[in-house]
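Peer 1: This one is my_file.cif, mmCIF, C-alpha atoms and all ligand atoms.
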```
data_query
#
loop_
_atom_site.label_atom_id
_atom_site.label_comp_id
_atom_site.auth_asym_id
_atom_site.auth_seq_id
_atom_site.Cartn_x
_atom_site.Cartn_y
_atom_site.Cartn_z
CA MET A 113 0.00 0.00 0.00
CA LYS A 114 1.81 3.03 -1.30
CA ALA A 115 2.04 6.57 -0.05
CA VAL A 116 3.80 9.73 -1.18
CA ARG A 117 6.15 10.94 1.55
CA VAL A 118 6.50 14.74 1.56
CA HIS A 119 7.66 17.41 3.95
CA LYS A 120 4.74 18.84 5.93
CA PHE A 121 5.11 22.19 4.16
CA LYS A 122 4.30 20.52 0.85
CA ALA A 123 1.65 18.14 2.18
CA GLU A 124 -1.47 20.18 1.46
CA GLU A 125 -0.44 20.92 -2.11
CA VAL A 126 0.40 17.25 -2.85
CA ARG A 127 -2.77 15.98 -1.14
CA LYS A 128 -4.95 18.29 -3.25
CA PHE A 129 -3.14 17.20 -6.41
CA ALA A 130 -3.57 13.50 -5.47
CA GLU A 131 -7.30 14.06 -4.93
CA ARG A 132 -7.69 16.01 -8.17
CA ILE A 133 -6.22 13.21 -10.31
CA GLY A 134 -8.06 10.46 -8.37
CA ALA A 135 -4.84 9.01 -6.94
CA LYS A 136 -5.62 9.48 -3.22
CA ASP A 137 -6.60 6.19 -1.56
CA LYS A 138 -9.85 7.08 0.22
CA ASP A 139 -9.66 4.04 2.51
CA ARG A 140 -6.52 5.32 4.21
CA LEU A 141 -5.82 8.47 6.19
CA VAL A 142 -2.99 10.92 5.68
CA VAL A 143 -0.42 10.11 8.37
CA CYS A 144 2.01 12.54 10.01
CA ARG A 145 5.45 11.17 10.96
CA GLY A 146 7.68 13.89 12.45
CA ASP A 147 8.27 16.57 9.84
CA TYR A 148 6.96 14.33 7.08
CA VAL A 149 3.52 13.35 5.92
CA GLU A 150 2.45 10.19 4.08
CA ILE A 151 -0.32 10.71 1.55
CA PRO A 152 -1.84 7.34 0.62
CA ILE A 153 -2.19 6.66 -3.11
CA TYR A 154 -3.56 3.80 -5.21
CA ASP A 155 -1.12 1.48 -7.01
CA GLY A 156 -0.34 2.64 -10.53
CA PHE A 157 -0.21 6.38 -9.77
CA GLU A 158 3.46 6.43 -8.67
CA ASN A 159 4.61 8.09 -11.90
CA TYR A 160 2.60 11.23 -11.13
CA PHE A 161 4.74 11.77 -8.03
CA LYS A 162 8.21 11.20 -9.50
CA GLU A 163 9.76 14.18 -7.69
CA TYR A 164 8.74 12.76 -4.28
CA GLU A 165 9.62 9.64 -2.32
CA ILE A 166 7.13 6.77 -2.65
CA VAL A 167 6.98 4.52 0.42
CA GLU A 168 5.28 1.21 1.13
CA GLN A 169 3.26 1.99 4.26
CA GLU A 170 4.35 -0.23 7.13
CA GLU A 171 1.41 0.73 9.31
CA PRO A 172 -1.36 2.23 7.22
CA VAL A 173 -4.12 3.95 9.15
CA PHE A 174 -7.51 3.18 7.67
CA ALA A 175 -10.39 5.62 7.40
CA ARG A 176 -13.09 5.12 10.01
CA LYS A 177 -15.69 3.58 7.73
CA SER A 178 -13.30 0.76 6.86
CA ASP A 179 -11.53 0.47 10.20
CA LEU A 180 -11.36 -3.15 11.32
CA TYR A 181 -11.60 -2.21 14.99
CA GLU A 182 -14.69 -0.03 14.51
CA ILE A 183 -16.52 -2.70 12.52
CA LEU A 184 -15.62 -5.55 14.89
CA LYS A 185 -16.65 -3.58 17.98
CA GLU A 186 -20.24 -3.92 16.80
CA LYS A 187 -19.96 -7.72 16.59
CA ILE A 188 -17.64 -8.72 19.43
CA PRO A 189 -18.53 -8.46 23.16
CA ARG A 190 -17.20 -5.35 24.92
CA LYS A 191 -14.97 -7.36 27.31
CA LEU A 192 -12.94 -8.53 24.28
CA TRP A 193 -12.48 -5.14 22.58
CA ASP A 194 -8.96 -4.71 23.96
CA TYR A 195 -7.88 -7.84 22.06
CA ILE A 196 -9.10 -6.66 18.64
CA PRO A 197 -6.00 -6.34 16.43
CA ARG A 198 -5.43 -2.88 15.00
CA ARG A 199 -2.58 -3.83 12.68
CA TYR A 200 -2.14 -6.29 9.87
CA LYS A 201 0.07 -6.71 6.84
CA ILE A 202 -0.97 -6.74 3.22
CA ILE A 203 1.51 -8.67 1.08
CA GLY A 204 0.45 -8.45 -2.56
CA ASP A 205 -3.21 -9.44 -2.40
CA VAL A 206 -2.90 -11.57 0.75
CA ILE A 207 -3.52 -10.33 4.29
CA LEU A 208 -1.62 -11.57 7.36
CA ILE A 209 -2.90 -10.79 10.83
CA LYS A 210 -1.94 -11.77 14.40
CA ILE A 211 -5.02 -12.77 16.42
CA PRO A 212 -4.79 -13.36 20.18
CA ASP A 213 -6.20 -16.67 21.54
CA GLU A 214 -8.98 -14.72 23.28
CA LEU A 215 -10.51 -14.06 19.83
CA GLU A 216 -10.16 -17.65 18.56
CA GLU A 217 -13.92 -18.05 18.00
CA TYR A 218 -14.05 -14.78 16.04
CA LYS A 219 -11.17 -15.51 13.66
CA GLN A 220 -13.41 -16.23 10.64
CA LEU A 221 -15.36 -13.06 11.32
CA ILE A 222 -12.10 -11.10 11.45
CA GLY A 223 -10.97 -12.67 8.16
CA GLU A 224 -14.27 -12.01 6.38
CA THR A 225 -14.35 -8.44 7.68
CA LEU A 226 -10.85 -7.79 6.35
CA LEU A 227 -11.84 -9.15 2.93
CA SER A 228 -14.87 -6.85 2.91
CA ILE A 229 -12.61 -3.87 3.70
CA HIS A 230 -9.91 -4.78 1.18
CA LYS A 231 -11.88 -5.91 -1.83
CA ARG A 232 -8.79 -6.45 -3.99
CA CYS A 233 -7.42 -9.06 -1.53
CA LYS A 234 -8.13 -12.77 -1.99
CA SER A 235 -7.30 -14.36 1.37
CA VAL A 236 -6.59 -13.73 5.03
CA TRP A 237 -4.07 -15.81 7.00
CA ARG A 238 -3.60 -15.84 10.74
CA ASP A 239 0.06 -15.14 11.49
CA LEU A 240 1.31 -17.55 14.17
CA GLY A 241 5.01 -16.61 14.02
CA ARG A 242 8.13 -18.00 12.37
CA GLU A 243 10.09 -21.13 13.11
CA GLY A 244 13.82 -21.87 13.38
CA MET A 245 16.81 -20.82 11.28
CA LEU A 246 14.78 -21.09 8.05
CA ARG A 247 12.25 -18.56 9.48
CA LYS A 248 9.41 -20.71 8.11
CA PRO A 249 6.05 -19.04 8.62
CA LYS A 250 3.33 -20.67 10.72
CA VAL A 251 0.01 -19.53 9.29
CA GLU A 252 -3.64 -20.59 9.25
CA LEU A 253 -6.20 -19.70 6.58
CA ILE A 254 -9.14 -17.80 8.09
CA ALA A 255 -10.91 -16.36 5.02
CA GLY A 256 -10.84 -16.60 1.23
CA SER A 257 -8.33 -18.78 -0.59
CA GLY A 258 -4.90 -18.65 -2.17
CA SER A 259 -1.44 -18.20 -0.67
CA GLU A 260 0.78 -17.27 -3.60
CA THR A 261 1.05 -13.59 -4.39
CA VAL A 262 3.24 -10.92 -5.96
CA HIS A 263 4.17 -8.09 -3.62
CA LYS A 264 5.38 -4.78 -5.03
CA GLU A 265 7.89 -2.74 -3.06
CA ASN A 266 10.09 0.15 -4.18
CA GLY A 267 9.86 -0.78 -7.83
CA CYS A 268 10.65 -4.49 -7.23
CA LEU A 269 8.37 -7.50 -7.55
CA PHE A 270 8.50 -10.27 -4.94
CA LYS A 271 6.59 -13.44 -5.74
CA LEU A 272 6.10 -15.69 -2.72
CA ASP A 273 3.81 -18.16 -1.04
CA VAL A 274 2.92 -16.90 2.45
CA THR A 275 2.58 -20.48 3.74
CA LYS A 276 6.17 -21.28 2.73
CA VAL A 277 8.28 -18.14 3.09
CA MET A 278 8.26 -15.01 5.19
CA PHE A 279 8.14 -11.39 4.10
CA SER A 280 9.11 -8.64 6.55
CA VAL A 281 7.35 -5.47 5.48
CA GLY A 282 9.14 -3.81 8.42
CA ASN A 283 12.57 -4.32 6.78
CA GLN A 284 11.84 -2.28 3.68
CA GLY A 285 13.68 0.81 4.94
CA GLU A 286 16.78 -1.32 5.54
CA ARG A 287 16.52 -2.87 2.07
CA MET A 288 16.54 0.58 0.45
CA ARG A 289 19.30 1.84 2.77
CA ILE A 290 21.62 -0.92 1.54
CA VAL A 291 20.70 -0.16 -2.07
CA LYS A 292 21.92 3.42 -1.57
CA LEU A 293 25.30 2.19 -0.26
CA VAL A 294 26.16 -0.11 -3.17
CA GLN A 295 28.66 1.48 -5.57
CA ASP A 296 28.92 0.89 -9.33
CA GLY A 297 30.80 -2.29 -10.22
CA GLU A 298 30.66 -3.84 -6.74
CA VAL A 299 30.45 -7.57 -6.12
CA VAL A 300 27.94 -8.33 -3.37
CA VAL A 301 27.38 -11.56 -1.45
CA ASP A 302 23.92 -12.00 0.08
CA MET A 303 24.44 -14.89 2.51
CA PHE A 304 20.77 -15.37 3.51
CA ALA A 305 19.04 -14.36 0.32
CA GLY A 306 15.56 -15.80 0.90
CA ILE A 307 13.35 -14.87 -2.04
CA GLY A 308 15.70 -11.98 -2.87
CA TYR A 309 14.76 -9.45 -0.16
CA PHE A 310 18.11 -7.61 -0.58
CA THR A 311 19.36 -9.21 -3.80
CA ILE A 312 16.47 -8.06 -6.00
CA PRO A 313 16.48 -4.37 -4.92
CA ILE A 314 20.28 -4.27 -5.31
CA ALA A 315 20.02 -5.85 -8.78
CA VAL A 316 17.15 -3.55 -9.84
CA HIS A 317 18.39 -0.24 -8.45
CA THR A 318 22.23 -0.36 -8.55
CA LYS A 319 25.00 -1.03 -11.04
CA ALA A 320 26.52 -3.84 -8.98
CA LYS A 321 28.62 -6.12 -11.15
CA LYS A 322 27.49 -9.36 -9.54
CA ILE A 323 25.34 -10.47 -6.65
CA TYR A 324 25.86 -13.96 -5.23
CA ALA A 325 22.53 -14.91 -3.61
CA ILE A 326 22.79 -17.90 -1.28
CA GLU A 327 19.71 -19.63 0.10
CA ILE A 328 19.35 -22.94 1.92
CA ASN A 329 15.58 -23.46 1.79
CA PRO A 330 14.42 -24.93 -1.54
CA ASP A 331 11.02 -23.19 -1.26
CA SER A 332 12.67 -19.78 -0.87
CA TYR A 333 15.22 -20.63 -3.56
CA PHE A 334 12.38 -21.48 -5.96
CA TYR A 335 10.91 -17.99 -5.46
CA LEU A 336 14.37 -16.40 -5.65
CA LEU A 337 14.68 -17.86 -9.16
CA GLU A 338 11.15 -16.70 -10.01
CA ASN A 339 11.93 -13.19 -8.77
CA ILE A 340 15.15 -13.00 -10.79
CA GLU A 341 12.98 -13.73 -13.88
CA LEU A 342 10.11 -11.48 -12.87
CA ASN A 343 12.38 -8.48 -12.29
CA ASP A 344 14.41 -9.28 -15.39
CA VAL A 345 17.78 -8.94 -13.67
CA LYS A 346 20.87 -10.54 -15.19
CA ASN A 347 23.65 -10.08 -12.64
CA VAL A 348 22.42 -12.41 -9.88
CA ILE A 349 24.17 -15.73 -9.27
CA PRO A 350 21.75 -17.85 -7.23
CA ILE A 351 23.28 -20.60 -5.09
CA LEU A 352 21.19 -23.26 -3.34
CA GLY A 353 22.99 -24.37 -0.18
CA ASP A 354 24.23 -23.63 3.31
CA SER A 355 26.16 -20.35 3.29
CA MET A 356 28.44 -21.78 5.99
CA TYR A 357 29.88 -24.06 3.28
CA VAL A 358 29.06 -22.61 -0.14
CA THR A 359 29.92 -18.91 0.26
CA PRO A 360 32.63 -18.02 -2.28
CA GLU A 361 35.90 -16.75 -0.77
CA GLY A 362 37.80 -13.59 -1.69
CA VAL A 363 35.20 -12.22 -4.13
CA ALA A 364 33.12 -9.54 -2.43
CA ASP A 365 33.22 -5.79 -1.87
CA ARG A 366 30.16 -6.09 0.36
CA VAL A 367 28.49 -8.91 2.28
CA VAL A 368 24.89 -8.78 3.47
CA MET A 369 24.12 -10.98 6.50
CA GLY A 370 20.36 -10.46 6.65
CA HIS A 371 19.55 -13.14 9.23
CA ILE A 372 18.99 -12.17 12.84
CA PHE A 373 20.69 -15.30 14.24
CA CYS A 374 23.87 -15.52 12.18
CA HIS A 375 26.86 -14.61 14.35
CA GLU A 376 28.48 -18.01 13.75
CA PHE A 377 28.71 -17.10 10.05
CA LEU A 378 30.85 -13.97 10.65
CA PRO A 379 34.20 -15.67 9.82
CA VAL A 380 32.69 -16.93 6.54
CA ALA A 381 31.50 -13.40 5.69
CA ILE A 382 34.94 -11.93 6.41
CA LYS A 383 36.58 -14.56 4.18
CA ALA A 384 34.10 -13.74 1.38
CA LEU A 385 35.58 -10.22 1.12
CA LYS A 386 38.18 -9.54 -1.58
CA GLY A 387 40.46 -7.90 0.98
CA ASP A 388 38.81 -4.93 2.54
CA GLY A 389 35.09 -4.33 2.32
CA TYR A 390 31.81 -3.93 4.11
CA ILE A 391 29.72 -6.35 6.15
CA HIS A 392 26.12 -5.56 7.03
CA TYR A 393 25.47 -7.77 10.03
CA HIS A 394 21.98 -8.28 11.48
CA GLU A 395 21.24 -9.53 14.96
CA SER A 396 18.33 -9.78 17.34
CA VAL A 397 19.74 -8.49 20.62
CA PRO A 398 18.33 -7.76 24.10
CA GLU A 399 18.64 -4.04 24.86
CA VAL A 400 20.56 -4.80 28.08
CA ILE A 401 23.47 -6.25 26.05
CA ILE A 402 23.11 -3.93 23.08
CA ASN A 403 26.87 -3.95 22.29
CA ARG A 404 26.95 -7.71 21.70
CA PRO A 405 26.75 -7.47 17.85
CA ILE A 406 29.71 -5.08 17.73
CA GLU A 407 31.72 -7.26 20.12
CA ARG A 408 30.98 -10.33 18.01
CA ILE A 409 32.17 -8.61 14.82
CA LYS A 410 35.34 -7.34 16.50
CA SER A 411 36.15 -10.75 17.92
CA ALA A 412 35.58 -12.53 14.56
CA CYS A 413 37.84 -9.98 12.81
CA GLU A 414 40.51 -10.32 15.48
CA SER A 415 40.57 -14.11 15.20
CA LEU A 416 41.23 -13.77 11.45
CA GLY A 417 43.87 -11.05 11.88
CA LYS A 418 41.66 -8.34 10.37
CA ASN A 419 41.01 -4.75 11.45
CA VAL A 420 37.52 -3.36 11.65
CA LYS A 421 35.88 0.04 11.81
CA ILE A 422 32.27 0.15 12.94
CA GLU A 423 30.66 2.68 10.62
CA ASN A 424 27.03 2.47 11.64
CA PHE A 425 24.80 0.76 14.16
CA ARG A 426 21.05 1.09 13.82
CA LYS A 427 17.78 -0.37 14.91
CA VAL A 428 15.82 -2.04 12.10
CA LYS A 429 12.74 -2.66 14.24
CA ASN A 430 11.51 -4.01 17.57
CA TYR A 431 11.81 -7.80 17.65
CA SER A 432 10.02 -8.55 20.92
CA PRO A 433 9.64 -6.69 24.23
CA GLY A 434 13.14 -5.57 25.27
CA VAL A 435 14.74 -7.14 22.18
CA LEU A 436 15.76 -5.21 19.06
CA HIS A 437 16.55 -6.23 15.51
CA VAL A 438 19.69 -4.22 14.74
CA VAL A 439 22.14 -3.93 11.86
CA VAL A 440 25.83 -3.05 12.05
CA ASP A 441 27.82 -1.72 9.08
CA ALA A 442 31.41 -2.83 9.56
CA TYR A 443 34.35 -1.89 7.35
CA VAL A 444 36.83 -4.76 7.47
CA TYR A 445 40.44 -4.19 6.30
C1 LIG A 501 14.93 -14.22 7.77
S1 LIG A 501 15.17 -14.47 6.09
C2 LIG A 501 15.79 -12.96 5.59
C3 LIG A 501 14.85 -11.82 5.80
C4 LIG A 501 15.29 -10.60 5.08
N1 LIG A 501 16.56 -10.15 5.57
C5 LIG A 501 14.30 -9.47 4.98
O1 LIG A 501 14.72 -8.35 4.70
O2 LIG A 501 13.10 -9.66 5.11
C6 LIG A 501 16.56 -15.45 6.23
C7 LIG A 501 16.77 -16.43 5.11
O3 LIG A 501 17.99 -17.11 5.38
C8 LIG A 501 17.85 -18.46 5.00
N2 LIG A 501 18.89 -19.24 5.68
C9 LIG A 501 18.91 -19.68 6.97
N3 LIG A 501 20.05 -20.35 7.23
C10 LIG A 501 20.77 -20.34 6.08
C11 LIG A 501 22.05 -20.85 5.71
N4 LIG A 501 22.80 -21.50 6.59
N5 LIG A 501 22.49 -20.65 4.46
C12 LIG A 501 21.74 -19.97 3.55
N6 LIG A 501 20.52 -19.46 3.84
C13 LIG A 501 20.04 -19.63 5.08
C14 LIG A 501 16.43 -18.80 5.40
O4 LIG A 501 15.95 -19.93 4.71
C15 LIG A 501 15.70 -17.50 5.03
O5 LIG A 501 15.21 -17.55 3.71
#
```
Please express what this file holds, its structure, as C-alpha cells.
Ligand SMILES: C[S@@+](CC[C@H](N)C(=O)[O-])C[C@H]1O[C@@H](n2cnc3c(N)ncnc32)[C@H](O)[C@@H]1O

Peer 2:
Amino acid sequence: MKAVRVHKFKAEEVRKFAERIGAKDKDRLVVCRGDYVEIPIYDGFENYFKEYEIVEQEEPVFARKSDLYEILKEKIPRKLWDYIPRRYKIIGDVILIKIPDELEEYKQLIGETLLSIHKRCKSVWRDLGREGMLRKPKVELIAGSGSETVHKENGCLFKLDVTKVMFSVGNQGERMRIVKLVQDGEVVVDMFAGIGYFTIPIAVHTKAKKIYAIEINPDSYFYLLENIELNDVKNVIPILGDSMYVTPEGVADRVVMGHIFCHEFLPVAIKALKGDGYIHYHESVPEVIINRPIERIKSACESLGKNVKIENFRKVKNYSPGVLHVVVDAYVY
C-alpha cells in the first residue's frame, strides 16, 4: 500500500493534487510522521509523483468507515475489545494478521471483515510466528483462498507463497538503505538471500557487477529464481545451499548478512571479502546487552587477523519486548 512521503510544508499541495487526479486512496488516512507526511495513493499512480519519495506503508491507518476495529466492535462483546487487532500486513493481495487466543472463535469473522474492507485481496491468514533458522512461517487460513502472491515494493516485484516463506514489510527501509550504499561495479554476497529481499532491490536499483545470492531453503530458492525472472535482472548468481559451506571466498566488496541469528557465520562473511570491504550484520539483541553485535564482529575480525571500523549501528525494528533487531555496518580491512 503506497504513499507519497513529503515534507509537511508541501503536504497540502500534494494531497490536493492527489485528490484532483483520483490518486488518493480514500480508505486510508494521511499520516504525520515527524516533519513528514504520508499521503496514501492507489497502485499505478506512482509516476505522477516522481519528484517525491514513494513509500510502502508499514502501518497504514484506515479511514473510520473501513476500520477493522470499529466494525468488529459492533460484533464482538465489549470485554474482548482490547484484544481486537489494530494492525495487519498486506503482502500483494494476501492479508496476514496476528489474532490473540482470546478471539479464537471470532477468527473467521475477522478474516471475512478484512476481505470486505480490502476488496482487492483474496485471502486472510492468521500469522502464528516464524520457526527456526529457516524462518518458516506458521500460518492458518481464516478467510478466502490462495497463498501465492506478488508483492510490489520500491519498484521491485517479490513473488512468494505466504505459507512457505516469510516477508518482513518492516525491513523495507533497511533494504533501500543498503541499495543506496552499493557502488557501481561492486560484487555483493547476500548470505541469507531468501526470495531476494536484498538481492532483488540491489540488482534492480544499482549497477553492482554481480550479486551472489545464497539460500538454503528450496522453497525460498524457488521464489528467488522466479523473482530474478520477474524483475528481469541478469547479474544475480543464485546458489542453493548452506552459506556456511558454499559462500565463495575472496570475491566480495560487500556482504549482506540479513539473518537475525547468524553470528556463527561472521568468519565466513569476512573470508568472502576480496580484501577490505563492508559487512552488514543483522542480529536480534536484548537491549541490556546492546553492544553484543559489535563485540561479536570485533572478535571474529581479530581471530582472522583483520582490522575493523564500525561505521554504523542502527535499529531495524523491535523484535520482541526488550529485544531489538539491529544492523551493524562494519568496514573490514
Ligand atoms: C529471515 S530471512 C531474511 C529476511 C530478510 N533479511 C528481509 O529483509 O526480510 C533469512 C533467510 O535465510 C535463509 N537461511 C537460513 N540459514 C541459512 C544458511 N545456513 N544458508 C543460507 N541461507 C540460510 C532462510 O531460509 C531464510 O530464507

Peer 1: So which one's closest to ligand LIG 501 (chain A), A:Gly306, A:Pro313, A:Pro360, A:Gly241? Using only C-alpha atoms and all ligand atoms, please.

Peer 2: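 For ligand LIG 501 (chain A), the nearest of the given residues is A:Gly306.
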
Peer 1: Would you mind listing the residues within 8 Å of ligand LIG 501 (chain A), counting only C-alpha atoms and all ligand atoms, as a ChimeraX atom specification?

Peer 2: /A:245-248,277-284,286-287,303-307,309-310,326-329,332-333,352-356,369-372,374

Peer 1: Rounded to one decimal place, report the atom CA of Ile203 of chain A-atom CA of His263 of chain A distance in Å.

Peer 2: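 Atom CA of Ile203 of chain A sits 5.4 Å away from atom CA of His263 of chain A.
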
Peer 1: Determine the nearest neighbour of Tyr200 of chain A from the options A:Ala123, A:Val236, A:Val367, A:Leu141, counting all atoms listed in the file.

Peer 2: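 Among the listed residues, A:Val236 lies closest to Tyr200 of chain A.
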
Peer 1: Which residues come within 7 Å of Glu423 of chain A, counting all atoms listed in the file, excluding same-chain residues fewer than 3 positions away, as a PyMOL selection string?

Peer 2: chain A and resi 441-443

Peer 1: Find the residues near Lys201 of chain A: any atom within 9 Å, counting all atoms listed in the file, skip ones fewer than 3 places away on the same chain, and give them as a compact mmCIF listing (two decimals) with C-alpha atoms, keeping the file's coordinate frame.

Peer 2:
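What follows is the written file out.txt:
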```
# COMPACT_ATOMS: atom_id res chain seq x y z
CA GLU A 170 4.35 -0.23 7.13
CA GLU A 171 1.41 0.73 9.31
CA VAL A 206 -2.90 -11.57 0.75
CA ILE A 207 -3.52 -10.33 4.29
CA LEU A 208 -1.62 -11.57 7.36
CA ILE A 209 -2.90 -10.79 10.83
CA VAL A 281 7.35 -5.47 5.48
```

Peer 1: Can you tell me, as a list in words, which residues sit within 7 Å of (-0.9, 17.2, 9.4) in the file's frame, using all atoms listed in the file?

Peer 2: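 Answer for this query, in the requested form: Lys120, Cys144 and Val149 of chain A.
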
Peer 1: Quick one: distance from atom CA of Val439 of chain A to atom CA of Ile202 of chain A in Å, one decimal?

Peer 2: 24.8 Å

Peer 1: Quote the spacing between atom CA of Gln295 of chain A and atom CA of Ala320 of chain A in Å to one decimal place.

Peer 2: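 Between these atoms lies a distance of 6.7 Å.
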
Peer 1: Calculate, to one decimal in Å, the centre and edge lengths of the box along x, y and z of the file that holds all listed atoms of segment 225-228 of chain A with 5 Å of margin on each side, and present them as JSON.

Peer 2:
```
{"center_x": -12.9, "center_y": -8.0, "center_z": 5.3, "size_x": 14.0, "size_y": 12.3, "size_z": 14.8}
```

Peer 1: From the set A:Asp302, A:Glu131, A:Glu399, A:Glu407, which residue has the shortest atom-to-atom contact distance to Ile351 of chain A, counting all atoms listed in the file?

Peer 2: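 The answer is A:Asp302, which sits nearest to Ile351 of chain A.
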
Peer 1: Which residue, A:Ile151, A:Ile196, A:Pro350, A:Gln169, has the smallest gap to Glu125 of chain A when you use all atoms listed in the file?

Peer 2: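 Answer, going by the shortest atom-to-atom distance: A:Ile151.
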
Peer 1: Write out as an MDAnalysis selection string which residues come within 7 Å of segment 215-225 of chain A when counting only C-alpha atoms, dropping same-chain ones fewer than 4 positions away.

Peer 2: chainID A and resid 211 229 236 254:255

Peer 1: Compare A:Val167, A:Ala325, A:Ala315, A:Ile406 by their minimum atom-to-atom distance to Ala364 of chain A, counting only C-alpha atoms, and give me the closest one.

Peer 2: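 Closest to Ala364 of chain A of all the choices is A:Ala325.
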
Peer 1: Using only C-alpha atoms, find the one residue out of A:Lys234, A:Lys185, A:Lys383, A:Lys276 that sits nearest to Pro330 of chain A.

Peer 2: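 For Pro330 of chain A, the nearest of the candidates is A:Lys276.
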
Peer 1: Tell me which protein, DNA and RNA residues are within 7 Å of Val435 of chain A, counting all atoms listed in the file, leaving out same-chain ones fewer than 2 positions away, and put them as a ChimeraX atom specification.

Peer 2: /A:396-399,430-433,437

Peer 1: Can you pull out the residues contacting Lys264 of chain A? Cut-off 10 Å, using only C-alpha atoms, and skip same-chain residues under 5 positions away; I want them as a ChimeraX atom specification.

Peer 2: /A:113-114,155,168,203-204,269-271
